[in-house]
Every structure is written in structure tokens, then in C-alpha cells.
Amino acid sequence: MEELLEILKELHADVDYDTCETLVDDRIIDSFDIISIVAEVDDRLDVAIPAEEIIPENFNSAKALWALIERLEND
Amino acid sequence: MLFTDYSFILFVAVVLLLYYIVPRKMQWPLLLVASYYFYYCDDWRYLIFITVTSVATWSCALIMDKIGGKGDAYLKAHKADMSKEERKAYKAQVKHKKNMVLLLSLLITIGILAVTKYTNFVINNINNFLKAGNGIRAMDIIVPTAISFYTFQAASYLIDVSRGTIKAEKNFFKMALFVSFFPQLVQGPISRFGDLSQTLYSEHKFELNGFGRGLIRIFWGYFKKLVIADRIMIAIKPMITMTDKYYGTYVFIAMLFYALELYCDFTGGIDITIGISECMGIKLKENFILPYFSKNVKEYWNRWHITMGTWFTDYIFYPLSVSPKMLKLSKWSRAHLGEKIGKRVTVYLSCFLVWLATGVWHGAAWNFVVWGLANYVVIMVSQELEPLYAKFHNKFHLKNTKGYAVFEICRTIFIMSCIRLFDCYRNVPLTFKMIASMFTKANLKVYTDGSLMQLGLTSADYTVLFIGFLIVLGVGIYKAQTKKDIRTELMKNVPLFCFVCVILIVSIVVLGAYGVGFDSTQFIYNQF
């Protein structure tokens with residue numbers, strides 16, 4: 001989770017990722033950010049996020065994104 | 001049958017009447033018959049194309065579903081005796097099989113679109129390239145109305161089934177209705193099966209509230225189309241066709257007129273579509289959220305033709321950007337070009353391809369290709385300028401002022417309207433020439449010397465347009481500022497609701513641009 005938060009902070013340092021649950025819905029992160037996140041997660045955590053998993057529910061919060069990464073790791 | 005034909009209004013009235021008379025389980029079959037009849041009225045041959053697309057979509061989706069189901073069952077049965085690697089390999093095998101079927105189905109559905117819409121474009125370009133006057137002869141191909149819309153809808157269904165996000169529909173006739181549902185057939189919104197299926201196939205009993213909401217939205221759509229869009233088109237036509245006479249300031253006027261025309265035409269059509277559906281209790285996705293109040297081009301594309309934008313994002317941009325090859329390229333570019341530039345390479349490349357595809361989707365002409373790429377350039381430049389904007393705002397603290405917000409909105413409207421001129425003029429070089437003339441050959445006298453009266457509109461027409469524009473603007477500002485749904489507010493006050501309905505009907509009947517002297521035109525997006 002720490003590494004993911006680091007990735008997210010590098011994108012938008014001013015966002016409180018511990019509490020924010022509307023990252024996509026409130027357009028805090030956009031499609032360009034999402035692609036950056038996927039590339040960083042692939043690079044640093046060695047987890048490939050497929051296109052079908054790129055839905056708002058999976059990217060709306062750091063917690064949801066971490067749950068996705070864990071699910072993909074165990075899949 | 002155009003939405004603006006009397007026959008269409010009669011057709012909708014009959015369908016709505018029958019919809020609530022027939023047994024409820026017959027409602028969706030009735031819609032299927034109505035949708036095929038609607039398309040048949042345009043040209044009976046179109047039915048062949050849409051039926052082939054529906055059959056291919058339905059059968060391939062079932063095959064993919066079967067492959068996926070078998071795979072899941074196998075994994076479940078062998079849960080204990082398979083290692084993680086073996087499971088992974090088996091899943092990849094199943095995915096590959098599904099992808100093969102998906103590829104075949106997309107080759108059929110998008111193949112039909114490509115052949116019908118783009119063959120002559122390709123032939124013309126080959127002839128131009130070879131400078132062969134009598135080269136390959138253009139083919140006499142039928143291009144079914146709105147083929148791009150229903151093909152994209154079918155493709156989204158196929159991709160969703162292959163991804164396992166939705167189950168395949170077993171009933172062919174239900175699938176055929178999803179592809180052909182008549183209110184949205186000709187200009188969208190491009191619905192997803194997951195969103196539409198539930199509401200489309202459900203049984204709906206008549207509800208006055210929903211029916212009223214739908215009705216007023218239909219009137220509002222016709223008001224925008226017939227009173228504003230079709231009237232202003234009369235003035236636009238000479239300005240974009242007689243370019244020897246109408247250049248300089250006229251280009252600026254044509255640009256603003258076309259911005260209003262396209263908005264009222266397209267959103268008006270969508271209002272009619274959503275309104276008819278609401279009258280039947282069927283909920284469709286919104287396709288516009290006050291696009292002309294956007295503060296930048298990126299935001300504009302999140303609010304304009306939303307279902308098309310999300311289609312390209314979900315089915316082209318994301319799959320392309322996160323594909324193994326792109327991720328590999330991302331790693332390579334970051335290692336060789338540095339973190340800052342390297343990071344951008346794949347995003348910019350995917351974005352380029354998406355905008356190229358968006359342009360091509362809009363039409364088989366270089367104008368649309370350049371239009372798509374112009375959008376791409378503006379979005380990328382805005383992205384690159386963001387740090388500069390941040391510095392500017394840190395220094396001047398204008399960001400949250402009303403004046404700056406108005407400036408941003410006007411800037412976005414100007415940029416988008418300027419790009420949209422590629423949609424107006426005959427070819428790309430002429431469009432560039434006309435845009436340049438706007439800055440180099442401005443003649444401000446045009447506004448005052450009565451030239452605007454020579455464009456086919458009278459002062460009464462301009463008055464109607466101005467009042468119409470103010471009403472549309474007022475409704476927009478009300479929505480933006482109060483965040484309230486104006487129809488919900490109107491429904492709370494029945495006499496006011498009835499009054500607004502009557503005003504809209506009278507305006508459409510008295511001021512609508514139809515009848516003698518007017519040529520009620522096809523909706524612009526029908527041609528896509």
C-alpha cells in the first residue's frame with residue numbers, strides 16, 4: 001500500500017488519498033493519470049492491470065485500487 | 001423517416017399508444033417491430049445490414065459466453081489439483097479462444113461499416129495519389145443511415161461479453177432490439193448493454209409523471225431543432241459555400257452560428273430521443289452536460305457527445321495504453337528519454353490514435369481526420385501548458401474569479417468552434433484559408449451595413465434566433481447554477497408545467513423553420 005500511495009502522491013501531491021473516495025467521479029484523476037498509474041503499478045509492483053479493470057469503482061480510492069492490485073496478484 | 005417529418009410524429013404517437021395497450025410482455029417485441037419499420041421507411045435494404053450485424057453479434061457473443069462458461073467450470077472442478085501457474089496458463093488459453101471469436105465478430109460488424117462507409121474514400125485517395133483521372137472507379141455502395149452508431153453499440157456489447165463484464169443475451173430478438181431501438185438508432189446515445197438491457201426489456205406501466213417529463217423534453221428538443229437550428233442553418237449555408245464572397249468576418253460569424261446550430265441540432269435530437277424513451281419508461285444515458293460551459297477542451301469532451309467519448313476511452317484508449325507492447329514502450333521511453341518525457345510517449349501515442357479514429361468515425365473525408373487531429377493537438381498543448389497555467393495562477397490569483405471563468409468558457413467555445421469549421425468547408429486547404437482570413441481580412445462593417453440581412457434571414461428571424469438563444473442560455477445557466485433538474489421543478493407546479501408545454505408547442509408550430517420557404521433538414525449526426 002505504501003508504494004501505491006507513493007505512486008499516487010507523485011501524480012497529485014495535494015490529494016488526501018486516505019479519505020478521498022471519489023478520485024474518478026470528481027475528476028481528481030483523469031484518463032491520462034490512470035494510464036500513468038497502470039504503467040507505474042506494472043513497473044514497480046509487477047502487477048498488470050488489464051483494460052477491463054479500468055472502471056471508476058477500481059480507481060475511485062487508493063483503497064479500492066489496492067484491493068484490485070491484491071486481487072490481480074492472487075488471481 | 002426524419003424526426004422532423006409529420007409521419008414520424010404520427011408514428012411515435014401510434015407506437016406510444018400501442019405500447020400501453022398491448023400486454024406488457026409484448027412491449028419490447030412491439031418496439032422491435034416499430035424499430036425495424038422505422039428503419040425500413042428509410043430504405044428496406046438497410047434492414048439487411050442491421051440484421052447481419054445483429055445475427056453476427058448475437059451468435060458470436062453466445063459462443064464467447066460458452067467458451068467462458070466452460071473455462072470457469074473447468075477451473076472450478078480442478079481448483080484443488082491445479083497450480084497457480086497452471087490456472088494462469090489455462091485462463092490465458094480461454095482468453096485467447098474468446099479473443100479469436102471477438103476478432104471474427106468485429107471483422108464482420110466493423111467490416112460492414114468500413115466497406116460501406118470508407119471504400120470510396122480509399123478509392124478516391126488511391127486515384128489522387130496515382131494521379132489517375134480514370135483510375136479505379138468509385139463504387140455504388142449503400143451507406144445505411146447511422147451505421148456508425150449501431151455498429152459501435154454492437155461492438156461495445158461484443159467486447160463486454162468477451163471481457164466477461166456482461167452475460168450474452170440468449171434471445172436473438174432482444175439483441176436485435178438492442179441494436180435497432182428506434183429513438184436512439186439514428187444519432188445515439190451509444191448505449192451499453194449493461195445499462196440499457198434492464199430498462200429496455202422491462203415491463204412498463206403508464207406513469208403520468210414519467211410520460212409528462214418525456215413529453216416536455218420532446219417539445220424542448222423540437223424547439224431547439226426547428227426554431228433555432230434549422231433557422232440559423234439558412235444563414236450558415238451561403239457563408240460556407242460561397243467562399244469567394246463570404247470570408248474574413250463572415251467566417252467568424254459562420255463559426256459562431258454553426259456552434260449554436262450544431263448544439264441545438266444535436267442536443268435537440270438527443271432530447272427527442274431521450275424524451276420518447278422516457279415516455280415509455282425507458283431510461284437512456286445523457287449525452288450532453290452543458291458542454292459550452294466547459295473551461296477547457298478536455299472538460300468539453302467530457303460533456304459533449306459523452307457516450308461516444310467514453311466508447312473511445314473504454315474500448316480503444318485504455319486497451320491500447322495498457323497493452324503489453326505499450327507498457328514495454330513506456331518502460332523503454334522512460335529509460336532512454338528520461339522520466340518526464342518518457343512517461344508521455346505512450347499516452348500521447350494512444351491519444352493520437354484515438355483522435356485519429358474519432359475523426360475517421362465522424363466521416364470518410366480528410367476534413368474529419370484533420371478535425372480529429374486538431375482536437376488532439378489542442379488537448380496535448382493544453383496538457384503541456386498546465387505547469388505554465390499553474391505558475392500564472394500562483395502569481396495572479398485569478399483562478400476562482402467569475403471573470404476568469406467566463407474568459408475560460410469563451411476561450412473553449414472559440415477554440416472548439418474554430419476546429420469545427422473543418423466540418424463546414426469543402427476541403428482542408430479551404431478551411432485553413434478561411435480560418436486565416438478571419439484574422440487577416442476582417443471587415444467589421446459587416447455587422448452594421450446590412451450584410452447580415454443578405455444571408456436569407458429577415459430581422460424577424462434574427463429576433464426569433466436571439467430570443468431562442470437567450471432561452472437556451474437561460475436554461476443552461478439555471479441548470480449550472482442551481483444544479484437542479486428544471487423538469488423536476490416544473491413538474492411540482494402543474495399549471496406552470498402545462499403553460500411551458502403550450503408555449504413550446506405554439507413556438508414550434510408558429511416559429512418552427514418548416515413549411516413553405518423552409519427546408520427542414522436532416523439532423524447533422526444522422527449522417528454518421
# chains A, B, ... in the order shown; residues from 1 in each chain; ligands from 1

$ interface_residues --of "chain B" --to "chain A" --cutoff "7 Å" --atoms "only C-alpha atoms" --output "list of chain:residue names"
B:Arg163, B:Tyr318, B:Pro319, B:Ser321, B:Val322, B:Leu327, B:Val347

$ select_by_dssp --residues "chain A" --states "alpha helix (DSSP H)" --output "count of residues only"
37

$ closest_residue --among "B:Asp449, B:Asp423, B:Asp314, B:Asp485" --to "Pro56 (chain A)" --atoms "only C-alpha atoms"
B:Asp314

$ residues_around --residues "Leu23 (chain A)" --least-positions-apart "2" --cutoff "10 Å" --atoms "only C-alpha atoms" --output "VMD selection string"
chain A and resid 15 17 20 to 21 25 to 30 56 to 57 59 to 62

$ write_last_selection --atoms "N, CA and C atoms" --output "short mmCIF file (atom, residue, chain, number, x, y, z; two decimals), in the first residue's frame"
data_model
loop_
_atom_site.label_atom_id
_atom_site.label_comp_id
_atom_site.auth_asym_id
_atom_site.auth_seq_id
_atom_site.Cartn_x
_atom_site.Cartn_y
_atom_site.Cartn_z
N VAL A 15 -3.63 15.69 -2.88
CA VAL A 15 -4.85 14.91 -2.61
C VAL A 15 -4.67 14.05 -1.35
N TYR A 17 -5.27 10.87 -0.06
CA TYR A 17 -5.67 9.55 -0.56
C TYR A 17 -6.23 8.63 0.53
N CYS A 20 -10.12 10.28 0.43
CA CYS A 20 -10.84 10.55 -0.82
C CYS A 20 -11.35 9.25 -1.46
N GLU A 21 -12.65 9.22 -1.74
CA GLU A 21 -13.23 8.02 -2.37
C GLU A 21 -13.93 8.35 -3.68
N ASP A 25 -14.84 9.93 -9.96
CA ASP A 25 -16.14 10.61 -10.05
C ASP A 25 -16.01 12.12 -10.00
N ASP A 26 -15.09 12.61 -9.17
CA ASP A 26 -14.90 14.07 -9.07
C ASP A 26 -13.79 14.58 -9.99
N ARG A 27 -13.37 13.72 -10.89
CA ARG A 27 -12.34 14.07 -11.89
C ARG A 27 -11.05 14.59 -11.27
N ILE A 28 -10.71 14.06 -10.08
CA ILE A 28 -9.44 14.43 -9.47
C ILE A 28 -8.32 13.76 -10.27
N ILE A 29 -8.59 12.54 -10.71
CA ILE A 29 -7.65 11.91 -11.65
C ILE A 29 -8.39 11.70 -12.97
N ASP A 30 -7.68 11.89 -14.08
CA ASP A 30 -8.32 11.70 -15.39
C ASP A 30 -7.71 10.49 -16.10
N PRO A 56 -14.43 3.09 -12.88
CA PRO A 56 -14.37 4.03 -11.75
C PRO A 56 -14.30 3.35 -10.39
N GLU A 57 -15.05 2.28 -10.20
CA GLU A 57 -15.07 1.61 -8.88
C GLU A 57 -13.68 1.17 -8.43
N PHE A 59 -10.83 2.66 -9.30
CA PHE A 59 -9.86 3.76 -9.24
C PHE A 59 -10.36 4.94 -8.41
N ASN A 60 -11.52 4.79 -7.78
CA ASN A 60 -12.08 5.91 -7.03
C ASN A 60 -11.34 6.22 -5.73
N SER A 61 -10.64 5.24 -5.20
CA SER A 61 -9.87 5.48 -3.98
C SER A 61 -8.61 4.62 -3.98
N ALA A 62 -7.66 5.03 -3.16
CA ALA A 62 -6.41 4.26 -3.05
C ALA A 62 -6.72 2.86 -2.51
#

$ residues_around --residues "Gln454 (chain B)" --least-positions-apart "5" --cutoff "12 Å" --atoms "only C-alpha atoms" --output "PyMOL selection string"
chain B and resi 234-236+238-239+245-246+250+446-447+449+459

$ write_last_selection --atoms "C-alpha atoms" --output "mmCIF file, in the first residue's frame"
data_model
loop_
_atom_site.group_PDB
_atom_site.id
_atom_site.type_symbol
_atom_site.label_atom_id
_atom_site.label_comp_id
_atom_site.auth_asym_id
_atom_site.auth_seq_id
_atom_site.Cartn_x
_atom_site.Cartn_y
_atom_site.Cartn_z
ATOM 1 C CA ILE B 234 -30.308 29.195 -43.655
ATOM 2 C CA ALA B 235 -27.726 31.885 -42.913
ATOM 3 C CA ILE B 236 -24.848 29.444 -42.493
ATOM 4 C CA PRO B 238 -24.315 30.683 -48.106
ATOM 5 C CA MET B 239 -21.427 31.622 -45.805
ATOM 6 C CA LYS B 245 -17.929 36.317 -51.258
ATOM 7 C CA TYR B 246 -18.082 35.340 -47.606
ATOM 8 C CA TYR B 250 -18.166 36.217 -42.230
ATOM 9 C CA VAL B 446 -20.371 43.576 -41.990
ATOM 10 C CA TYR B 447 -22.064 43.922 -38.608
ATOM 11 C CA ASP B 449 -24.021 47.728 -43.147
ATOM 12 C CA SER B 459 -34.853 40.852 -38.946
#

$ residues_around --residues "Glu2 (chain A)" --least-positions-apart "5" --cutoff "10 Å" --atoms "only C-alpha atoms" --output "mmCIF file with N, CA and C atoms, in the first residue's frame"
data_model
loop_
_atom_site.group_PDB
_atom_site.id
_atom_site.type_symbol
_atom_site.label_atom_id
_atom_site.label_comp_id
_atom_site.auth_asym_id
_atom_site.auth_seq_id
_atom_site.Cartn_x
_atom_site.Cartn_y
_atom_site.Cartn_z
ATOM 1 N N ILE A 7 3.117 6.263 -5.527
ATOM 2 C CA ILE A 7 2.803 6.472 -6.956
ATOM 3 C C ILE A 7 1.734 7.557 -7.102
ATOM 4 N N LEU A 8 0.702 7.449 -6.276
ATOM 5 C CA LEU A 8 -0.416 8.401 -6.364
ATOM 6 C C LEU A 8 0.038 9.808 -5.963
ATOM 7 N N TRP A 66 -5.873 -0.584 -4.307
ATOM 8 C CA TRP A 66 -5.026 -1.576 -3.639
ATOM 9 C C TRP A 66 -5.726 -2.940 -3.612
#

$ residues_around --residues "Val475 (chain B)" --least-positions-apart "2" --cutoff "12 Å" --atoms "only C-alpha atoms" --output "list in words"
Trp220, Lys224, Leu290, Gly468, Phe469, Leu470, Ile471, Val472, Leu473, Ile477, Tyr478, Lys479, Ala480, Gln481, Thr482, Lys483, Lys484, Asp485, Ile486 and Arg487 of chain B
